[in-house]
>>> print(open('query-v1.txt').read())   # compact mmCIF, C-alpha atoms and all ligand atoms
# COMPACT_ATOMS: atom_id res chain seq x y z
CA MET A 1 -11.71 -6.77 -21.40
CA ARG A 2 -7.94 -6.48 -21.85
CA ILE A 3 -5.99 -7.70 -18.84
CA TYR A 4 -2.42 -6.48 -18.44
CA LEU A 5 -0.44 -8.49 -15.89
CA PHE A 6 2.37 -6.69 -14.04
CA PHE A 7 4.74 -9.46 -13.04
CA GLY A 8 8.06 -9.22 -11.21
CA PRO A 9 9.82 -9.55 -7.86
CA PRO A 10 9.03 -7.32 -4.88
CA GLY A 11 10.56 -3.88 -5.39
CA SER A 12 10.71 -4.12 -9.18
CA GLY A 13 8.62 -0.95 -9.58
CA LYS A 14 5.32 -2.46 -10.73
CA GLY A 15 3.22 -0.23 -8.45
CA THR A 16 5.19 2.90 -9.34
CA GLN A 17 4.69 2.30 -13.06
CA ALA A 18 1.00 1.54 -12.58
CA ASN A 19 0.59 4.84 -10.70
CA LEU A 20 2.23 6.73 -13.59
CA LEU A 21 -0.05 4.97 -16.09
CA LYS A 22 -3.13 5.90 -14.05
CA GLN A 23 -2.10 9.56 -14.22
CA LYS A 24 -1.54 9.43 -17.97
CA PHE A 25 -4.56 7.25 -18.81
CA PRO A 26 -7.20 7.88 -16.09
CA ASN A 27 -9.62 5.38 -17.68
CA ILE A 28 -7.40 2.38 -17.10
CA SER A 29 -8.53 0.31 -14.12
CA TYR A 30 -5.98 -0.91 -11.61
CA ILE A 31 -6.07 -3.86 -9.27
CA SER A 32 -3.22 -4.35 -6.78
CA THR A 33 -3.76 -7.40 -4.59
CA GLY A 34 -1.14 -6.09 -2.12
CA ASP A 35 -3.04 -2.76 -1.75
CA TYR A 36 -6.33 -4.63 -1.17
CA ILE A 37 -4.73 -6.83 1.45
CA ARG A 38 -3.26 -3.78 3.25
CA TYR A 39 -6.69 -2.10 3.11
CA HIS A 40 -8.31 -5.14 4.74
CA ILE A 41 -5.61 -5.31 7.42
CA LYS A 42 -5.98 -1.61 8.21
CA ASN A 43 -9.73 -2.05 8.59
CA GLN A 44 -9.39 -5.33 10.51
CA THR A 45 -11.92 -7.15 8.31
CA GLU A 46 -12.20 -10.95 8.39
CA ILE A 47 -9.94 -11.12 5.32
CA GLY A 48 -7.54 -8.71 6.99
CA LYS A 49 -7.29 -10.86 10.11
CA ILE A 50 -6.45 -13.95 8.04
CA ALA A 51 -4.01 -12.09 5.77
CA GLN A 52 -2.08 -10.37 8.56
CA GLN A 53 -0.40 -13.55 9.79
CA TYR A 54 0.96 -14.29 6.30
CA ILE A 55 1.96 -10.80 5.12
CA SER A 56 3.84 -10.04 8.35
CA LYS A 57 6.08 -13.06 7.70
CA GLY A 58 6.55 -12.34 4.01
CA GLN A 59 4.45 -15.38 3.04
CA LEU A 60 1.68 -15.53 0.46
CA VAL A 61 -1.91 -15.16 1.58
CA PRO A 62 -3.95 -18.29 0.66
CA SER A 63 -4.94 -18.29 -3.01
CA SER A 64 -8.61 -18.95 -2.22
CA VAL A 65 -8.80 -15.54 -0.49
CA ILE A 66 -6.90 -13.69 -3.20
CA ASN A 67 -8.78 -15.29 -6.11
CA GLN A 68 -12.12 -14.17 -4.65
CA LEU A 69 -10.82 -10.62 -4.14
CA VAL A 70 -9.69 -10.37 -7.74
CA LEU A 71 -12.92 -11.89 -9.06
CA GLU A 72 -15.01 -9.38 -7.10
CA GLU A 73 -12.93 -6.43 -8.29
CA ILE A 74 -13.13 -7.54 -11.92
CA ASN A 75 -16.89 -7.94 -11.62
CA LYS A 76 -17.16 -4.41 -10.19
CA ILE A 77 -15.15 -3.02 -13.08
CA LYS A 78 -17.36 -4.90 -15.56
CA THR A 79 -20.60 -3.73 -13.90
CA ASP A 80 -19.49 -0.12 -13.69
CA LYS A 81 -18.16 -0.37 -17.28
CA LEU A 82 -15.22 1.65 -16.00
CA SER A 83 -12.73 0.58 -18.60
CA ASP A 84 -11.87 -2.18 -21.01
CA LYS A 85 -8.20 -2.09 -19.90
CA VAL A 86 -7.26 -3.46 -16.50
CA ILE A 87 -3.81 -3.67 -14.93
CA ILE A 88 -3.41 -6.46 -12.38
CA ASP A 89 -0.35 -5.94 -10.19
CA GLY A 90 0.95 -8.71 -7.93
CA TYR A 91 -1.39 -11.42 -9.23
CA PRO A 92 -1.18 -14.24 -10.22
CA ARG A 93 1.61 -15.24 -7.84
CA THR A 94 1.07 -19.00 -8.01
CA ILE A 95 0.23 -21.50 -10.72
CA GLN A 96 -3.14 -22.08 -9.04
CA GLN A 97 -3.92 -18.35 -9.27
CA LEU A 98 -3.04 -18.21 -12.98
CA GLU A 99 -5.31 -21.18 -13.65
CA PHE A 100 -8.14 -19.58 -11.67
CA LEU A 101 -7.71 -16.34 -13.63
CA ILE A 102 -7.83 -18.06 -17.01
CA GLN A 103 -10.70 -20.40 -16.15
CA ASN A 104 -12.92 -18.05 -14.15
CA ILE A 105 -12.12 -14.53 -15.32
CA SER A 106 -10.32 -14.22 -18.62
CA LYS A 107 -7.10 -15.07 -20.42
CA PRO A 108 -4.76 -12.09 -19.97
CA TYR A 109 -3.93 -9.99 -23.03
CA ILE A 110 -0.27 -9.45 -22.13
CA THR A 111 2.26 -9.86 -19.30
CA LEU A 112 4.88 -7.20 -18.59
CA PHE A 113 7.75 -8.81 -16.73
CA PHE A 114 9.64 -6.19 -14.65
CA ASP A 115 13.11 -7.66 -14.46
CA ILE A 116 15.64 -6.34 -11.92
CA THR A 117 18.76 -7.48 -10.04
CA LEU A 118 18.71 -8.55 -6.40
CA ASP A 119 21.03 -5.68 -5.32
CA LYS A 120 18.64 -3.12 -6.75
CA ILE A 121 15.68 -4.74 -5.05
CA PHE A 122 17.20 -4.18 -1.61
CA GLU A 123 18.36 -0.67 -2.47
CA ARG A 124 14.83 0.22 -3.53
CA ILE A 125 12.77 -1.52 -0.89
CA CYS A 126 14.72 -0.41 2.17
CA LEU A 127 14.21 3.28 1.30
CA ARG A 128 10.68 2.86 -0.03
CA ARG A 129 7.87 4.74 1.68
CA ILE A 130 4.17 4.51 0.91
CA CYS A 131 1.14 6.63 1.58
CA PRO A 132 -1.26 4.63 3.78
CA ASN A 133 -4.16 6.71 2.47
CA CYS A 134 -3.83 6.87 -1.35
CA ASN A 135 -1.17 4.14 -1.87
CA SER A 136 1.30 6.45 -3.66
CA ILE A 137 4.85 5.10 -3.61
CA TYR A 138 8.04 7.08 -2.92
CA HIS A 139 11.76 6.42 -2.55
CA LEU A 140 13.80 8.61 -0.20
CA ILE A 141 16.50 9.18 -2.84
CA TYR A 142 15.08 8.39 -6.30
CA ASN A 143 11.50 9.56 -5.94
CA LYS A 144 11.38 11.95 -3.00
CA PRO A 145 8.18 13.62 -1.82
CA ARG A 146 8.29 17.43 -2.09
CA GLU A 147 7.95 17.77 1.67
CA ASP A 148 9.81 15.38 3.95
CA GLU A 149 7.84 12.16 4.63
CA ILE A 150 4.55 13.75 3.42
CA CYS A 151 2.50 12.47 0.45
CA ASP A 152 2.51 14.96 -2.48
CA LYS A 153 -0.98 13.89 -3.52
CA CYS A 154 -3.01 13.80 -0.30
CA GLY A 155 -0.80 15.24 2.44
CA SER A 156 -0.80 12.09 4.63
CA LYS A 157 2.29 11.08 6.59
CA LEU A 158 4.26 8.43 4.69
CA ILE A 159 5.08 5.10 6.32
CA GLN A 160 7.43 2.20 5.75
CA ARG A 161 5.59 -1.06 5.05
CA ASP A 162 6.21 -3.58 7.86
CA ASP A 163 7.13 -6.19 5.27
CA ASP A 164 9.74 -3.85 3.71
CA LYS A 165 12.17 -4.59 6.59
CA GLU A 166 15.32 -6.37 5.39
CA GLU A 167 14.70 -9.81 6.97
CA ILE A 168 11.18 -10.01 5.58
CA VAL A 169 12.27 -8.84 2.15
CA LYS A 170 14.66 -11.82 2.03
CA THR A 171 11.75 -14.20 2.68
CA ARG A 172 9.56 -12.42 0.12
CA TYR A 173 12.27 -12.81 -2.50
CA GLN A 174 12.61 -16.54 -1.73
CA VAL A 175 8.84 -16.96 -1.95
CA TYR A 176 8.93 -15.15 -5.30
CA LYS A 177 11.65 -17.46 -6.63
CA VAL A 178 10.02 -20.67 -5.50
CA GLN A 179 6.29 -20.00 -5.93
CA THR A 180 5.91 -17.12 -8.37
CA LEU A 181 8.71 -17.36 -10.93
CA PRO A 182 7.47 -20.75 -12.22
CA VAL A 183 4.24 -19.01 -13.25
CA LEU A 184 6.16 -17.30 -16.08
CA LYS A 185 6.76 -20.58 -17.89
CA LEU A 186 3.07 -21.40 -17.75
CA ILE A 187 2.17 -17.92 -19.00
CA GLU A 188 4.25 -18.68 -22.09
CA GLU A 189 2.75 -22.15 -22.46
CA TYR A 190 -0.74 -20.62 -22.46
CA GLY A 191 0.39 -18.42 -25.36
CA ILE A 192 0.00 -15.16 -23.44
CA LYS A 193 2.26 -12.47 -24.89
CA LEU A 194 5.22 -11.84 -22.58
CA VAL A 195 7.43 -8.75 -22.75
CA LEU A 196 10.56 -8.03 -20.77
CA ILE A 197 10.92 -4.60 -19.13
CA ASP A 198 14.38 -3.62 -17.89
CA SER A 199 13.29 -2.36 -14.50
CA SER A 200 16.79 -1.55 -13.23
CA GLN A 201 16.64 1.77 -15.07
CA GLU A 202 15.33 5.06 -13.71
CA ILE A 203 11.58 5.49 -13.27
CA ASN A 204 11.08 7.59 -16.42
CA GLN A 205 13.20 5.28 -18.56
CA VAL A 206 11.16 2.30 -17.38
CA PHE A 207 7.97 4.25 -18.13
CA GLU A 208 9.14 4.82 -21.70
CA GLN A 209 9.44 1.07 -22.16
CA VAL A 210 5.96 0.49 -20.70
CA ILE A 211 3.91 3.18 -22.45
CA PRO A 212 3.88 1.70 -25.99
CA TYR A 213 1.84 -1.29 -24.77
CA PHE A 214 -0.95 1.05 -23.66
CA MET A 215 -1.15 3.23 -26.76
CA SER A 216 -3.50 1.03 -28.81
P1 LIG B 301 2.76 -6.60 -2.72
O1 LIG B 301 2.25 -5.27 -2.28
O2 LIG B 301 2.29 -6.99 -4.10
O3 LIG B 301 4.25 -6.74 -2.55
O4 LIG B 301 2.09 -7.69 -1.74
C1 LIG B 301 2.34 -7.65 -0.34
C2 LIG B 301 1.94 -8.96 0.31
O5 LIG B 301 0.52 -9.20 0.12
C3 LIG B 301 2.63 -10.23 -0.22
O6 LIG B 301 3.89 -10.43 0.36
C4 LIG B 301 1.60 -11.29 0.18
O7 LIG B 301 1.68 -11.60 1.56
C5 LIG B 301 0.27 -10.59 -0.07
N1 LIG B 301 -0.17 -10.79 -1.49
C6 LIG B 301 -0.29 -9.84 -2.45
N2 LIG B 301 -0.69 -10.39 -3.61
C7 LIG B 301 -0.81 -11.72 -3.38
C8 LIG B 301 -1.15 -12.84 -4.18
N3 LIG B 301 -1.46 -12.69 -5.49
N4 LIG B 301 -1.16 -14.07 -3.61
C9 LIG B 301 -0.87 -14.24 -2.31
N5 LIG B 301 -0.51 -13.24 -1.50
C10 LIG B 301 -0.48 -11.99 -2.01
>>> encode(input="query-v1.txt", output="structure tokens")
Amino acid sequence: MRIYLFFGPPGSGKGTQANLLKQKFPNISYISTGDYIRYHIKNQTEIGKIAQQYISKGQLVPSSVINQLVLEEINKIKTDKLSDKVIIDGYPRTIQQLEFLIQNISKPYITLFFDITLDKIFERICLRRICPNCNSIYHLIYNKPREDEICDKCGSKLIQRDDDKEEIVKTRYQVYKVQTLPVLKLIEEYGIKLVLIDSSQEINQVFEQVIPYFMS
């Protein structure tokens, strides 16, 4: 199994690029820990009830919960033999998560680091809208839905994520700097290939940088 890690700060476009890849290569599997957490919160599962208190403050959900989620999803993909390529978006976000991944699942094949400036992060996140049904991602200026506030793919009404409000985004960025960014150094120390994607560019230009890593 080839694991592709999508690494980068909130609002760097990881989910948008993963969605484009899914359209181009339908066989690639996709795990987004943020999407799973939102699914559990929406359905008020036990995991959802625990996660809600963290996500609403912009904090990380405990790694023990997230590690189990990822392990289960990887096992499903393996059992269903869905694909030998898996994108993991938003995980690992701590050193403990990276170590769990390597020891209990598999050493990732490559990490794509979506690099972007802080100004752009705010510009993107504050006008970001998501589909609560199919998880498609839009931006009210750069990636508008065809019909106002309606998902192009499934027709649901788009929403703003609660944690996309400015104050919470500031916390999320701090959490990223303190807890997640140090993971990059360890990724390099483990000898996992690391490539830099200039994520400040337009969606299609970023996609052109990403595609070559999925062609072989
Ligand atoms: P995202 O959609 O990737 O921005 O994730 C949204 C929120 O879900 C984060 O701010 C965390 O509260 C939680 N979350 C997602 N992935 C993880 C993770 N790997 N570890 C801990 N919390 C996570």
>>> residues_near_ligand(input="query-v1.txt", ligand="ligand LIG 301 (chain B)", cutoff="10 Å", atoms="only C-alpha atoms and all ligand atoms", output="PyMOL selection string")
chain A and resi 6-12+14-15+32-38+51-67+69-70+88-94+96-98+161-164+168-169+171-173+175-176+179-180
>>> closest_residue(input="query-v1.txt", among="A:Glu99, A:Glu123, A:Glu166, A:Asp152", to="Ile187 (chain A)", atoms="all atoms listed in the file")
A:Glu99
>>> closest_residue(input="query-v1.txt", among="A:Val206, A:Tyr4, A:Pro212, A:Glu46", to="Ile28 (chain A)", atoms="all atoms listed in the file")
A:Tyr4
>>> atom_distance(input="query-v1.txt", atom1="CA of Lys22 (chain A)", atom2="CA of Glu188 (chain A)")
26.9 Å
>>> closest_residue(input="query-v1.txt", among="A:Leu158, A:Val178, A:Ile110, A:Ile125", to="Tyr213 (chain A)", atoms="all atoms listed in the file")
A:Ile110
>>> decode(input="query-v1.txt", residues="region 61-75 of chain A", atoms="N, CA, C and O atoms", output="mmCIF file, in the first residue's frame")
data_model
loop_
_atom_site.group_PDB
_atom_site.id
_atom_site.type_symbol
_atom_site.label_atom_id
_atom_site.label_comp_id
_atom_site.auth_asym_id
_atom_site.auth_seq_id
_atom_site.Cartn_x
_atom_site.Cartn_y
_atom_site.Cartn_z
ATOM 1 N N VAL A 61 -8.112 16.788 18.601
ATOM 2 C CA VAL A 61 -8.817 15.683 19.253
ATOM 3 C C VAL A 61 -7.733 14.707 19.754
ATOM 4 O O VAL A 61 -6.688 14.569 19.096
ATOM 5 N N PRO A 62 -7.942 14.032 20.904
ATOM 6 C CA PRO A 62 -6.883 13.151 21.425
ATOM 7 C C PRO A 62 -6.397 12.132 20.380
ATOM 8 O O PRO A 62 -7.204 11.536 19.663
ATOM 9 N N SER A 63 -5.091 11.938 20.357
ATOM 10 C CA SER A 63 -4.500 11.059 19.344
ATOM 11 C C SER A 63 -5.017 9.632 19.432
ATOM 12 O O SER A 63 -5.122 8.946 18.411
ATOM 13 N N SER A 64 -5.349 9.165 20.642
ATOM 14 C CA SER A 64 -5.814 7.777 20.770
ATOM 15 C C SER A 64 -7.082 7.572 19.921
ATOM 16 O O SER A 64 -7.234 6.535 19.266
ATOM 17 N N VAL A 65 -7.949 8.581 19.905
ATOM 18 C CA VAL A 65 -9.201 8.489 19.126
ATOM 19 C C VAL A 65 -8.880 8.492 17.631
ATOM 20 O O VAL A 65 -9.362 7.657 16.854
ATOM 21 N N ILE A 66 -8.037 9.442 17.241
ATOM 22 C CA ILE A 66 -7.734 9.612 15.812
ATOM 23 C C ILE A 66 -6.966 8.401 15.263
ATOM 24 O O ILE A 66 -7.257 7.910 14.175
ATOM 25 N N ASN A 67 -5.998 7.903 16.028
ATOM 26 C CA ASN A 67 -5.217 6.753 15.560
ATOM 27 C C ASN A 67 -6.124 5.565 15.264
ATOM 28 O O ASN A 67 -5.954 4.888 14.240
ATOM 29 N N GLN A 68 -7.095 5.314 16.148
ATOM 30 C CA GLN A 68 -7.999 4.176 15.939
ATOM 31 C C GLN A 68 -8.845 4.371 14.687
ATOM 32 O O GLN A 68 -9.050 3.436 13.918
ATOM 33 N N LEU A 69 -9.306 5.627 14.478
ATOM 34 C CA LEU A 69 -10.104 5.921 13.280
ATOM 35 C C LEU A 69 -9.311 5.603 12.012
ATOM 36 O O LEU A 69 -9.818 4.957 11.088
ATOM 37 N N VAL A 70 -8.073 6.070 11.997
ATOM 38 C CA VAL A 70 -7.253 5.870 10.792
ATOM 39 C C VAL A 70 -6.966 4.383 10.591
ATOM 40 O O VAL A 70 -7.088 3.856 9.470
ATOM 41 N N LEU A 71 -6.650 3.695 11.681
ATOM 42 C CA LEU A 71 -6.372 2.257 11.584
ATOM 43 C C LEU A 71 -7.573 1.503 11.006
ATOM 44 O O LEU A 71 -7.432 0.679 10.095
ATOM 45 N N GLU A 72 -8.772 1.831 11.511
ATOM 46 C CA GLU A 72 -9.978 1.155 11.011
ATOM 47 C C GLU A 72 -10.206 1.433 9.521
ATOM 48 O O GLU A 72 -10.555 0.546 8.757
ATOM 49 N N GLU A 73 -10.002 2.687 9.134
ATOM 50 C CA GLU A 73 -10.236 3.036 7.722
ATOM 51 C C GLU A 73 -9.223 2.331 6.819
ATOM 52 O O GLU A 73 -9.574 1.840 5.750
ATOM 53 N N ILE A 74 -7.979 2.274 7.258
ATOM 54 C CA ILE A 74 -6.953 1.589 6.453
ATOM 55 C C ILE A 74 -7.302 0.105 6.342
ATOM 56 O O ILE A 74 -7.195 -0.486 5.260
ATOM 57 N N ASN A 75 -7.748 -0.490 7.432
ATOM 58 C CA ASN A 75 -8.109 -1.909 7.386
ATOM 59 C C ASN A 75 -9.270 -2.155 6.429
ATOM 60 O O ASN A 75 -9.280 -3.136 5.701
#
